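S.K.: First, the structure itself, so that you have it in front of you.
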Amino acid sequence: MSAAQQSDGLANWATGLMEALGAPGAGLAIALENLFPPLPSEVILPLAGFAAGRGDISLFGALLWTTIGSVAGAFLLYWAGALLGRERTLAIAGRIPLLKPSDIERTEAWFSRHGTKAVFLGRMVPVFRSLISIPAGVERMPATTFLTLTALGSLLWNTLFVLTGYALGENWHAVSDYVSMYSKAVVAVIVAAVVAFVAVRTVRYRRGDR
């Protein structure tokens with residue numbers, strides 16, 4: 001299936017939710033996008049704006065429910081991280097090849113310094129917007145702080161794309177074409193970072209074995 005067909009399929013799915021549930025349908029789609037990052041918000045949000053411009057849902061409802069959906073999806077991941085906890089995270093890290101508990105400890109130190117900025121700004125970065133909720137839960141960031149930062153970051157991101165879709169009308173899909181390049185660049189950086197980490201750690205392990 002081509003990327004265009006996937007985008008059309010997602011648009012039809014999101015449209016079906018909004019036709020059945022109204023603005024809460026857009027919120028449900030965004031909540032699922034948070035839980036399953038391959039679902040792109042850059043398709044769902046402009047489509048919600050287009051639906052508002054067409055009068056199918058209200059603009060306020062689109063903004064409200066997509067933000068509620070963002071917060072709800074993020075909180076489920078936060079809760080999963082809190083259930084996982086620090087001790088289980090360290091135990092899992094000890095079983096993963098090339099990963100060490102000290103890597104988790106360094107991540108904890110980084111999160112203690114930059115966690116609030118990461119949660120807020122992370123809402124505007126594809127893939128990372130979902131993943132950042134898990135360490136926030138593991139580190140037991142106060143729930144009120146997490147929810148406030150997530151709501152503010154999500155509101156900014158959602159407002160940008162919903163209003164863009166509202167303004168573009170029938171051409172709402174144009175914004176997804178541009179943002180998909182941004183998303184692909186983020187994924188490429190993540191993949192490159194993982195590959196570099198594995199390569200460096202493999203070399204170090206081999207030298208250690210010798």
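Residues in the structure tokens are numbered from 1 in each chain, the chains being A, B, ... in the order shown, and ligands are numbered from 1 in the order shown.
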Looking only at the backbone, which of the residues in region 81-169 of chain A does DSSP tag as alpha helix (DSSP H), as a ChimeraX atom specification?

M.R.: /A:81-95,101-122,128-131,133-138,143-168

S.K.: Taking only C-alpha atoms into account, produce a table as JSON lines in which each residue of region 107-162 of chain A with an atom at most 10 Å from an atom of region 46-67 of chain A appears once, together with its shortest atom pair and the distance in Å to one decimal, ordered by chain and rising number.

M.R.:
```
{"residue": "A:Thr150", "atom": "CA", "partner": "A:Thr67", "partner_atom": "CA", "distance": 9.1}
{"residue": "A:Ala151", "atom": "CA", "partner": "A:Thr67", "partner_atom": "CA", "distance": 6.6}
{"residue": "A:Leu152", "atom": "CA", "partner": "A:Thr67", "partner_atom": "CA", "distance": 8.8}
{"residue": "A:Gly153", "atom": "CA", "partner": "A:Thr67", "partner_atom": "CA", "distance": 9.3}
{"residue": "A:Ser154", "atom": "CA", "partner": "A:Thr67", "partner_atom": "CA", "distance": 5.9}
{"residue": "A:Leu155", "atom": "CA", "partner": "A:Thr67", "partner_atom": "CA", "distance": 5.6}
{"residue": "A:Leu156", "atom": "CA", "partner": "A:Thr67", "partner_atom": "CA", "distance": 9.2}
{"residue": "A:Trp157", "atom": "CA", "partner": "A:Thr67", "partner_atom": "CA", "distance": 9.1}
{"residue": "A:Asn158", "atom": "CA", "partner": "A:Leu63", "partner_atom": "CA", "distance": 6.8}
{"residue": "A:Thr159", "atom": "CA", "partner": "A:Leu63", "partner_atom": "CA", "distance": 6.3}
{"residue": "A:Leu160", "atom": "CA", "partner": "A:Pro46", "partner_atom": "CA", "distance": 8.8}
{"residue": "A:Phe161", "atom": "CA", "partner": "A:Pro46", "partner_atom": "CA", "distance": 5.2}
{"residue": "A:Val162", "atom": "CA", "partner": "A:Gly49", "partner_atom": "CA", "distance": 4.2}
```

S.K.: For Ser133 (chain A), find every residue with an atom within 9 Å (counting only C-alpha atoms), except residues of its own chain fewer than 5 positions away, and show them as a list of chain:residue names.

M.R.: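 Close residues of Ser133 (chain A): A:Ala74, A:Phe75, A:Leu76, A:Leu77, A:Tyr78, A:Trp79, A:Ala80, A:Gly81, A:Val119, A:Phe128, A:Val138, A:Phe146, A:Thr150.
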
S.K.: Which is closer to Gly25 (chain A) than all the others in A:Gly69, A:Arg95, A:Glu42, A:Leu84, using only C-alpha atoms?

M.R.: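 Smallest distance to Gly25 (chain A) is found for A:Gly69.
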
S.K.: For Gly16 (chain A), work out the shell of residues within 10 Å, counting only C-alpha atoms and skipping chain neighbours fewer than 5 positions away, then give it as a ChimeraX atom specification.

M.R.: /A:10-11,21-22,25-26
